[in-house]
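Novice: The file below is my_file-v4.tsv, TSV, C-alpha atoms and all ligand atoms:
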```tsv
chain	number	residue	atom	x	y	z
J	6	MET	CA	108.06	33.69	149.02
J	7	ARG	CA	105.08	35.89	149.74
J	8	LEU	CA	104.90	38.78	147.27
J	9	PHE	CA	103.28	42.22	147.33
J	10	ILE	CA	103.13	43.93	143.93
J	11	VAL	CA	102.54	47.66	143.59
J	12	GLY	CA	101.64	48.68	140.05
J	13	LEU	CA	99.77	46.52	137.57
J	14	GLY	CA	100.50	48.29	134.32
J	15	VAL	CA	102.33	46.75	131.36
J	16	VAL	CA	105.21	45.46	133.51
J	17	GLY	CA	103.11	44.34	136.50
J	18	LYS	CA	100.87	42.25	134.27
J	19	GLY	CA	104.00	40.90	132.55
J	20	VAL	CA	105.38	39.80	135.92
J	21	LEU	CA	102.22	37.84	136.77
J	22	GLU	CA	102.21	36.22	133.32
J	23	LEU	CA	105.87	35.26	133.56
J	24	LEU	CA	105.49	33.92	137.11
J	25	ASP	CA	102.75	31.65	135.76
J	26	ALA	CA	104.68	30.63	132.66
J	27	ARG	CA	107.90	29.89	134.56
J	28	ARG	CA	106.39	28.50	137.79
J	29	ALA	CA	107.69	24.93	137.32
J	30	GLU	CA	111.11	26.11	136.14
J	31	LEU	CA	111.52	28.54	139.06
J	32	ALA	CA	110.70	25.74	141.51
J	33	SER	CA	112.84	23.04	139.94
J	34	HIS	CA	115.89	25.13	138.97
J	35	PHE	CA	116.02	27.52	141.92
J	36	GLY	CA	113.64	26.20	144.57
J	37	VAL	CA	111.62	29.41	144.28
J	38	GLU	CA	107.89	29.23	144.96
J	39	THR	CA	105.78	32.35	145.22
J	40	ARG	CA	102.42	33.37	146.61
J	41	LEU	CA	100.83	36.72	145.81
J	42	VAL	CA	99.57	38.07	149.15
J	43	GLY	CA	99.02	41.69	148.13
J	44	VAL	CA	98.50	43.89	145.09
J	45	ALA	CA	97.88	47.59	144.69
J	46	ASP	CA	97.04	49.77	141.73
J	47	SER	CA	96.42	53.51	141.63
J	48	LYS	CA	92.93	53.18	143.16
J	49	GLY	CA	92.87	50.17	145.45
J	50	VAL	CA	94.51	47.33	147.25
J	51	ALA	CA	93.75	43.63	147.74
J	52	LEU	CA	95.24	41.41	150.43
J	53	CYS	CA	94.90	37.66	150.94
J	54	GLU	CA	97.18	35.55	153.12
J	55	ASP	CA	96.29	32.37	151.22
J	56	GLY	CA	97.24	33.95	147.92
J	57	LEU	CA	95.43	35.92	145.23
J	58	ALA	CA	94.77	34.08	141.96
J	59	HIS	CA	96.86	35.67	139.21
J	60	ALA	CA	94.12	35.12	136.61
J	61	GLU	CA	91.60	37.00	138.75
J	62	VAL	CA	94.01	39.89	139.29
J	63	LEU	CA	94.75	40.05	135.55
J	64	GLY	CA	91.00	39.91	134.89
J	65	VAL	CA	90.27	43.07	136.87
J	66	LYS	CA	93.08	44.90	135.05
J	67	ARG	CA	91.65	44.40	131.53
J	68	PRO	CA	90.69	47.65	129.77
J	69	GLY	CA	87.42	48.92	131.22
J	70	ALA	CA	87.58	46.66	134.31
J	71	ALA	CA	87.39	48.17	137.79
J	72	GLY	CA	90.88	47.41	139.15
J	73	VAL	CA	92.04	45.53	142.23
J	74	ALA	CA	89.55	47.26	144.55
J	75	SER	CA	86.85	45.14	142.85
J	76	LEU	CA	88.47	41.81	143.83
J	77	PRO	CA	86.72	39.82	146.61
J	78	ASP	CA	89.65	40.72	148.91
J	79	GLY	CA	89.96	44.24	147.54
J	80	ARG	CA	89.07	47.68	148.78
J	81	PRO	CA	89.55	51.23	147.55
J	82	LEU	CA	92.49	53.20	148.88
J	83	ALA	CA	91.62	56.63	150.22
J	84	SER	CA	95.11	57.85	149.36
J	85	GLN	CA	98.33	56.46	147.92
J	86	ASP	CA	99.93	57.80	151.12
J	87	ASP	CA	98.28	54.88	152.96
J	88	LEU	CA	100.21	52.29	150.93
J	89	PRO	CA	103.49	52.23	152.92
J	90	GLU	CA	101.55	51.24	156.06
J	91	VAL	CA	99.52	48.61	154.18
J	92	ILE	CA	102.69	47.07	152.68
J	93	ALA	CA	104.49	47.04	156.03
J	94	HIS	CA	101.65	45.04	157.63
J	95	SER	CA	100.87	42.78	154.67
J	96	GLY	CA	102.89	39.77	155.82
J	97	ALA	CA	104.79	39.76	152.51
J	98	ASP	CA	108.47	38.78	152.27
J	99	VAL	CA	109.18	40.79	149.14
J	100	LEU	CA	107.80	44.06	147.76
J	101	ILE	CA	107.89	44.38	143.97
J	102	GLU	CA	107.50	48.10	143.28
J	103	LEU	CA	106.37	48.79	139.71
J	104	GLY	CA	104.68	52.15	140.13
J	105	PRO	CA	104.99	54.71	137.32
J	106	THR	CA	108.31	56.56	137.16
J	107	GLN	CA	107.59	60.08	138.36
J	108	MET	CA	110.94	61.78	138.18
J	109	ARG	CA	109.70	65.09	139.50
J	110	SER	CA	107.91	63.53	142.48
J	111	PRO	CA	109.82	60.38	143.43
J	112	ARG	CA	108.82	60.63	147.10
J	113	PRO	CA	105.74	58.32	147.15
J	114	ALA	CA	107.67	55.45	145.55
J	115	THR	CA	110.75	56.10	147.71
J	116	ASP	CA	108.54	56.04	150.82
J	117	ARG	CA	107.04	52.70	149.80
J	118	LEU	CA	110.51	51.18	149.40
J	119	LEU	CA	111.73	52.62	152.72
J	120	ALA	CA	108.61	51.49	154.60
J	121	ALA	CA	108.90	47.98	153.19
J	122	MET	CA	112.58	47.69	154.12
J	123	GLY	CA	111.86	49.17	157.55
J	124	ALA	CA	109.33	46.37	158.07
J	125	GLY	CA	111.86	43.71	157.07
J	126	LEU	CA	110.74	43.08	153.49
J	127	HIS	CA	113.23	42.56	150.70
J	128	VAL	CA	112.57	44.94	147.85
J	129	ILE	CA	112.62	44.79	144.06
J	130	GLY	CA	112.34	48.19	142.42
J	131	ALA	CA	111.69	48.62	138.71
J	132	ASN	CA	110.84	52.28	139.23
J	133	LYS	CA	113.76	54.49	138.17
J	134	ALA	CA	112.70	57.62	140.06
J	135	PRO	CA	113.64	56.48	143.62
J	136	LEU	CA	116.87	54.78	142.57
J	137	SER	CA	118.11	57.71	140.50
J	138	THR	CA	117.35	60.34	143.14
J	139	ALA	CA	117.87	58.59	146.50
J	140	PHE	CA	120.32	55.77	145.79
J	141	ALA	CA	122.46	56.25	148.91
J	142	ALA	CA	119.47	56.49	151.27
J	143	LEU	CA	117.90	53.35	149.80
J	144	THR	CA	121.06	51.22	149.92
J	145	GLU	CA	121.71	52.42	153.46
J	146	ALA	CA	118.16	51.46	154.49
J	147	ALA	CA	118.70	47.98	153.05
J	148	ALA	CA	121.93	47.59	155.05
J	149	VAL	CA	120.46	48.95	158.29
J	150	ASN	CA	117.42	46.69	158.05
J	151	ASN	CA	119.44	43.69	156.87
J	152	VAL	CA	117.29	43.16	153.78
J	153	LEU	CA	118.09	42.92	150.08
J	154	LEU	CA	117.40	45.68	147.58
J	155	ARG	CA	117.46	44.77	143.89
J	156	TYR	CA	116.63	46.95	140.88
J	157	SER	CA	118.02	45.33	137.75
J	158	ALA	CA	114.82	46.11	135.81
J	159	THR	CA	115.63	49.82	136.01
J	160	VAL	CA	118.35	49.52	133.35
J	161	GLY	CA	118.36	47.28	130.26
J	162	ALA	CA	115.26	45.27	131.27
J	163	GLY	CA	116.08	41.62	130.56
J	164	THR	CA	119.62	42.55	129.47
J	165	PRO	CA	121.73	42.41	132.68
J	166	MET	CA	123.60	45.69	132.24
J	167	LEU	CA	123.96	46.49	135.93
J	168	THR	CA	125.40	43.05	136.64
J	169	LEU	CA	128.01	43.51	133.91
J	170	ALA	CA	128.91	47.05	135.01
J	171	ARG	CA	129.52	45.97	138.60
J	172	ALA	CA	131.48	42.85	137.67
J	173	ALA	CA	133.67	44.90	135.33
J	174	VAL	CA	134.47	47.53	137.94
J	175	MET	CA	135.23	44.92	140.62
J	176	GLY	CA	138.25	43.69	138.66
J	177	ASP	CA	139.47	46.67	136.71
J	178	THR	CA	139.64	50.47	136.68
J	179	LEU	CA	136.75	52.15	134.92
J	180	VAL	CA	137.66	54.76	132.34
J	181	GLY	CA	134.04	55.49	131.48
J	182	PHE	CA	131.01	54.16	129.69
J	183	ARG	CA	128.83	55.07	126.73
J	184	ALA	CA	125.38	53.66	126.14
J	185	ILE	CA	122.07	53.72	124.36
J	186	LEU	CA	119.52	53.07	127.06
J	187	ASN	CA	116.14	54.15	125.70
J	188	GLY	CA	114.22	52.11	123.16
J	189	THR	CA	111.60	54.78	122.51
J	190	THR	CA	114.01	57.48	121.36
J	191	ASN	CA	116.13	54.96	119.46
J	192	PHE	CA	112.98	53.83	117.65
J	193	ILE	CA	111.80	57.38	116.91
J	194	LEU	CA	115.21	58.44	115.55
J	195	SER	CA	115.46	55.25	113.45
J	196	GLN	CA	111.94	55.62	112.01
J	197	MET	CA	112.39	59.30	111.20
J	198	ARG	CA	115.67	58.54	109.41
J	199	SER	CA	114.70	55.39	107.53
J	200	SER	CA	111.08	55.97	106.57
J	201	GLY	CA	110.60	59.70	107.05
J	202	ALA	CA	108.01	58.99	109.78
J	203	THR	CA	106.87	61.99	111.78
J	204	PHE	CA	107.94	62.33	115.38
J	205	ASP	CA	104.34	61.82	116.58
J	206	SER	CA	103.63	58.67	114.58
J	207	ALA	CA	106.93	57.08	115.61
J	208	LEU	CA	106.20	57.88	119.27
J	209	ALA	CA	102.69	56.40	118.97
J	210	GLU	CA	104.19	53.17	117.60
J	211	ALA	CA	106.71	52.98	120.47
J	212	GLN	CA	103.78	53.41	122.89
J	213	ARG	CA	101.86	50.64	121.12
J	214	LEU	CA	104.88	48.34	121.54
J	215	GLY	CA	104.79	49.01	125.30
J	216	TRP	CA	108.22	50.66	125.35
J	217	ALA	CA	107.36	54.26	126.20
J	218	GLU	CA	107.06	55.59	129.74
J	219	ALA	CA	103.62	56.45	131.14
J	220	ASP	CA	104.77	60.04	130.57
J	221	PRO	CA	106.70	59.80	127.26
J	222	SER	CA	108.32	63.18	127.84
J	223	ASN	CA	110.63	61.23	130.17
J	224	ASP	CA	111.78	59.36	127.06
J	225	VAL	CA	111.99	62.11	124.46
J	226	ASP	CA	113.52	64.73	126.74
J	227	GLY	CA	116.26	62.32	127.77
J	228	TRP	CA	115.32	61.89	131.43
J	229	ASP	CA	114.74	58.14	131.20
J	230	THR	CA	118.28	57.76	129.85
J	231	ALA	CA	119.64	60.17	132.47
J	232	MET	CA	118.02	58.19	135.31
J	233	LYS	CA	119.53	54.97	133.97
J	234	THR	CA	122.94	56.62	133.60
J	235	ALA	CA	122.91	57.72	137.25
J	236	ILE	CA	121.82	54.24	138.39
J	237	ILE	CA	124.64	52.53	136.44
J	238	ALA	CA	127.19	54.96	137.89
J	239	CYS	CA	125.95	54.38	141.45
J	240	HIS	CA	125.57	50.63	141.14
J	241	ALA	CA	128.91	49.87	139.45
J	242	PRO	CA	130.10	51.89	141.52
J	243	ALA	CA	131.78	54.32	139.19
J	244	ILE	CA	132.10	57.02	141.84
J	245	PRO	CA	134.29	57.18	144.97
J	246	PRO	CA	132.85	56.17	148.36
J	247	GLY	CA	130.83	58.91	149.98
J	248	ARG	CA	130.05	60.56	146.62
J	249	SER	CA	126.81	60.02	144.83
J	250	ILE	CA	125.37	60.95	141.48
J	251	SER	CA	121.69	61.59	140.85
J	252	VAL	CA	119.69	62.16	137.69
J	253	HIS	CA	119.98	65.89	138.39
J	254	ASP	CA	123.79	65.69	137.96
J	255	VAL	CA	123.43	64.39	134.40
J	256	ARG	CA	123.59	67.11	131.71
J	257	THR	CA	120.59	66.12	129.64
J	258	VAL	CA	119.38	67.09	126.17
J	259	GLY	CA	116.55	65.17	124.50
J	260	ILE	CA	115.69	64.53	120.85
J	261	ARG	CA	112.95	67.10	120.22
J	262	GLY	CA	115.39	69.38	118.41
J	263	VAL	CA	116.62	66.73	115.93
J	264	SER	CA	115.30	67.58	112.46
J	265	ALA	CA	114.99	65.71	109.15
J	266	ARG	CA	117.80	67.98	107.92
J	267	ASP	CA	120.07	66.83	110.79
J	268	HIS	CA	119.42	63.19	109.81
J	269	ALA	CA	120.21	63.91	106.16
J	270	ASP	CA	123.42	65.84	107.01
J	271	ALA	CA	124.58	62.99	109.28
J	272	GLU	CA	123.82	60.38	106.65
J	273	ALA	CA	125.76	62.27	103.99
J	274	GLN	CA	128.81	61.88	106.21
J	275	GLY	CA	128.27	58.17	106.93
J	276	GLN	CA	126.78	58.87	110.35
J	277	VAL	CA	123.54	58.36	112.22
J	278	ILE	CA	122.07	60.31	115.14
J	279	LYS	CA	121.58	58.47	118.45
J	280	LEU	CA	120.66	59.57	121.98
J	281	VAL	CA	123.90	58.66	123.73
J	282	ALA	CA	124.63	58.48	127.46
J	283	SER	CA	128.22	58.97	128.51
J	284	PHE	CA	130.07	58.90	131.80
J	285	ASP	CA	133.69	59.95	132.36
J	286	ALA	CA	135.12	58.25	135.44
J	287	THR	CA	137.97	60.77	135.78
J	288	THR	CA	135.86	63.91	135.90
J	289	LEU	CA	132.74	62.09	137.18
J	290	SER	CA	130.73	63.94	134.56
J	291	ALA	CA	127.68	62.39	132.92
J	292	ARG	CA	125.80	63.54	129.84
J	293	VAL	CA	122.87	62.50	127.70
J	294	GLU	CA	122.57	64.10	124.28
J	295	PRO	CA	121.91	63.42	120.58
J	296	VAL	CA	125.25	62.48	119.05
J	297	ARG	CA	126.36	61.51	115.54
J	298	VAL	CA	127.95	58.07	115.47
J	299	PRO	CA	129.44	56.22	112.47
J	300	ILE	CA	126.96	53.98	110.63
J	301	GLY	CA	127.67	50.36	111.57
J	302	SER	CA	129.56	51.26	114.76
J	303	ARG	CA	128.72	49.64	118.11
J	304	LEU	CA	126.48	52.54	119.08
J	305	ASP	CA	124.50	52.20	115.84
J	306	VAL	CA	122.08	49.69	117.38
J	307	PRO	CA	118.78	48.83	115.65
J	308	ALA	CA	115.48	50.37	116.74
J	309	GLY	CA	114.56	48.10	119.66
J	310	GLY	CA	118.07	47.74	120.98
J	311	ASN	CA	120.03	49.05	123.94
J	312	VAL	CA	123.79	48.82	124.24
J	313	LEU	CA	126.28	49.43	127.05
J	314	LEU	CA	129.96	49.97	126.16
J	315	ILE	CA	132.25	49.90	129.19
J	316	ASP	CA	135.78	51.24	128.80
J	317	LEU	CA	138.24	49.60	131.23
J	318	LYS	CA	141.90	50.46	131.83
J	319	HIS	CA	143.15	46.88	131.40
J	320	ALA	CA	140.44	44.83	129.70
J	321	GLY	CA	139.60	47.53	127.15
J	322	GLU	CA	136.07	47.85	125.82
J	323	LEU	CA	133.25	45.50	126.84
J	324	ALA	CA	129.92	45.58	125.02
J	325	LEU	CA	126.52	44.27	126.02
J	326	PHE	CA	123.65	44.52	123.55
J	327	GLY	CA	120.02	43.48	124.06
J	328	ARG	CA	116.40	44.58	124.19
J	329	GLY	CA	115.92	47.15	126.95
J	330	ALA	CA	112.14	47.58	127.11
J	331	GLY	CA	108.87	45.68	126.86
J	332	ALA	CA	106.52	43.87	129.21
J	333	HIS	CA	108.10	40.43	129.34
J	334	GLU	CA	111.64	41.74	128.85
J	335	THR	CA	111.26	43.91	131.97
J	336	ALA	CA	109.35	41.22	133.86
J	337	ALA	CA	112.30	38.90	133.20
J	338	ALA	CA	114.55	41.31	135.08
J	339	VAL	CA	112.12	41.34	138.02
J	340	LEU	CA	112.19	37.52	138.10
J	341	ARG	CA	115.99	37.63	137.95
J	342	ASP	CA	115.97	39.83	141.05
J	343	LEU	CA	113.48	37.52	142.74
J	344	VAL	CA	115.67	34.47	142.18
J	345	ASP	CA	118.73	36.46	143.28
J	346	ILE	CA	116.97	37.44	146.53
J	347	ALA	CA	115.78	33.87	147.16
J	348	LEU	CA	119.28	32.46	146.67
J	349	SER	CA	121.06	35.27	148.59
J	350	ALA	CA	118.66	35.20	151.54
J	351	ARG	CA	119.08	31.46	152.14
J	401	LIG	N1	110.75	53.84	128.25
J	401	LIG	C1	111.88	52.99	128.26
J	401	LIG	C2	112.45	52.85	126.87
J	401	LIG	C3	111.56	51.60	128.74
J	401	LIG	O1	111.84	53.35	125.93
J	401	LIG	O2	113.50	52.25	126.74
J	401	LIG	C4	111.71	51.37	130.18
J	401	LIG	O3	112.95	51.69	130.71
```
Could you spell out this file's structure in structure tokens?
Ligand code: HSE
Specialist:
Amino acid sequence: MRLFIVGLGVVGKGVLELLDARRAELASHFGVETRLVGVADSKGVALCEDGLAHAEVLGVKRPGAAGVASLPDGRPLASQDDLPEVIAHSGADVLIELGPTQMRSPRPATDRLLAAMGAGLHVIGANKAPLSTAFAALTEAAAVNNVLLRYSATVGAGTPMLTLARAAVMGDTLVGFRAILNGTTNFILSQMRSSGATFDSALAEAQRLGWAEADPSNDVDGWDTAMKTAIIACHAPAIPPGRSISVHDVRTVGIRGVSARDHADAEAQGQVIKLVASFDATTLSARVEPVRVPIGSRLDVPAGGNVLLIDLKHAGELALFGRGAGAHETAAAVLRDLVDIALSAR
């Protein structure tokens, strides 16, 4: 499969590293072999039909290096608006879109996905902004162009939350779901409670671990969780045909207002404060807000954890716990989508 990767930040580099590390396994277990025919970062693009060497690409993305425009097959991009055209004519089979999540301006990433699908490329999106604002348009474009659209990295990273949500709803009636979907806020709340860390130092540590968004206000103000909530509801699907839910339909409150006093009051009552996503399948209402949950309950997940609790009419509650952020964790979800596309497209 010929790949074009947009975005070579923490996750993009993780994808190249994991493709190298798992190359033999991907070929022998799934018959998947890949060639990187295009890469783009915020300043440039490089194209090579015979394949770009991963090590060289990683080399130009080290701190202080000049980016993909400095590769032998690279050139600067006058504008990011030129990318859709470049991708469409790149000869790639699959676009892996890992651009930064810009919730307030999702259009450039959405346009890249639409242009790729219009040109017959399958698409893997790890960017939450397009999927949480234009889900119906993107899935329709995939159907019209007879290509595959996958986005499991948008929720839960290596933990296959979307797969579980869809499988659950295929066989049973959804009552609703509750979840913790953001490692950064979970870490900040845990650190503030357990060690009295300040908000700023806990956030800096989450950034160092590679969990936080490029713009961490997406994390702390709840929008990252709200985007994921909308994507789960659309993907499951937890909404009737013809209806859709976007991030803007999710009532969202972040964690900036949570004080040391709130943590102490909660603890005195055997509770802990978590940023909880909830979706009610009867009213179709979705919320993200700091909530007190009993210490030791399923929502009381440790700092790096995410959890999805699905409430079903017949099967009762299902729970899936795992790490939901990090370079290789998220890259693993991209590889899962890649294998899925390779097997489904055969
Ligand atoms: N910023 C997210 C988190 C990771 O902290 O969980 C990517 O979804």
Novice: Hey, which of J:Gln196, J:Ser349, J:Ser249, J:Ser283 ends up closest to Leu313 of chain J? Count all atoms listed in the file.
Specialist: J:Ser283
Novice: Point out the residue among J:Ser75, J:Ser290, J:Ser195, J:Thr190 with the least atom-to-atom distance to ligand LIG 401 (chain J), counting all atoms listed in the file.
Specialist: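 Under the stated criterion, the closest residue is J:Thr190.
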Novice: Once you count all atoms listed in the file, which residues end up within 6 Å of ligand LIG 401 (chain J), and could you hand them over as a list in words?
Specialist: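 The residues near ligand LIG 401 (chain J) are Asn187, Gly188, Thr189, Trp216, Ala217, Glu218, Asp224, Gly329 and Ala330 of chain J.
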Novice: Any idea what's packed within 9 Å of Thr138 of chain J, counting only C-alpha atoms, ignoring anything in its chain fewer than 5 positions away? Could you give it as a VMD selection string?
Specialist: chain J and resid 108 111 133 232 235 to 236 250 to 253
Novice: Using only C-alpha atoms, what residues lie at most 8 Å away from (130.1, 49.0, 139.7) (file coordinates), given as a list in words?
Specialist: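 With a cut-off of 8 Å, the residues come to Leu167, Ala170, Arg171, Ala172, Ala173, Val174, Met175, Ile237, Ala238, Cys239, His240, Ala241, Pro242 and Ala243 of chain J.
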Novice: Can you pull out the residues contacting Gly49 of chain J? Cut-off 7 Å, using only C-alpha atoms, and skip same-chain residues under 3 positions away; I want them as a PyMOL selection string.
Specialist: chain J and resi 45-46+73-74+79-82
Novice: Return the single residue from J:Val339, J:Asn311, J:His333, J:Thr234 that is closest to Val293 of chain J, with distances computed using all atoms listed in the file.
Specialist: J:Thr234
Novice: Between J:Ala347, J:Ala273, J:Ala120, J:Leu325, which has the minimum distance to Gly161 of chain J (counting only C-alpha atoms)?
Specialist: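 Selected residue with least distance to Gly161 of chain J: J:Leu325.
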Novice: For His268 of chain J, which residue out of J:Met197, J:Ala320, J:Ala142, J:Leu208 is the nearest one, using only C-alpha atoms?
Specialist: J:Met197
Novice: Given all atoms listed in the file as the basis, pick out the residue of J:Ala184, J:Ala93, J:Ala148, J:Ile278 nearest to Gly301 of chain J.
Specialist: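 Checking each of J:Ala184, J:Ala93, J:Ala148, J:Ile278 against Gly301 of chain J, counting all atoms listed in the file, the winner is J:Ile278.
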Novice: What are the centre and the three edge lengths of an axis-aligned box that wraps all atoms of segment 30-33 of chain J in the file, given that 3 Å is added to every side, written as AutoDock Vina command-line options and rounded to one decimal in Å?
Specialist:
```
--center_x 111.8 --center_y 25.8 --center_z 138.8 --size_x 8.1 --size_y 11.5 --size_z 11.4
```
Novice: Work out how far atom CA of Leu21 of chain J is from atom CA of Ser84 of chain J, in Å to one decimal.
Specialist: 24.7 Å
Novice: At most 12 Å is the cut-off: for each residue in segment 158-243 of chain J with any atom that close to an atom of segment 102-106 of chain J, write down the nearest atom pair and the distance in Å rounded to one decimal, counting all atoms listed in the file, chain first then increasing number, as CSV.
Specialist:
```
residue,atom,partner,partner_atom,distance
J:Ala158,CA,J:Leu103,CA,9.7
J:Thr159,CA,J:Thr106,CA,10.0
J:Ala217,CA,J:Thr106,CA,11.2
J:Glu218,CA,J:Thr106,CA,7.6
J:Ala219,CA,J:Pro105,CA,6.6
J:Asp220,CA,J:Thr106,CA,8.3
J:Pro221,CA,J:Thr106,CA,10.5
J:Ser222,CA,J:Thr106,CA,11.4
J:Asn223,CA,J:Thr106,CA,8.7
J:Asp224,CA,J:Thr106,CA,11.0
J:Trp228,CA,J:Thr106,CA,10.5
J:Asp229,CA,J:Thr106,CA,8.9
J:Met232,CA,J:Thr106,CA,10.0
J:Lys233,CA,J:Thr106,CA,11.8
```
Novice: Go ahead and compute the interatomic distance for atom CA of Phe35 of chain J and atom CA of Asp345 of chain J, in Å to one decimal.
Specialist: 9.4 Å
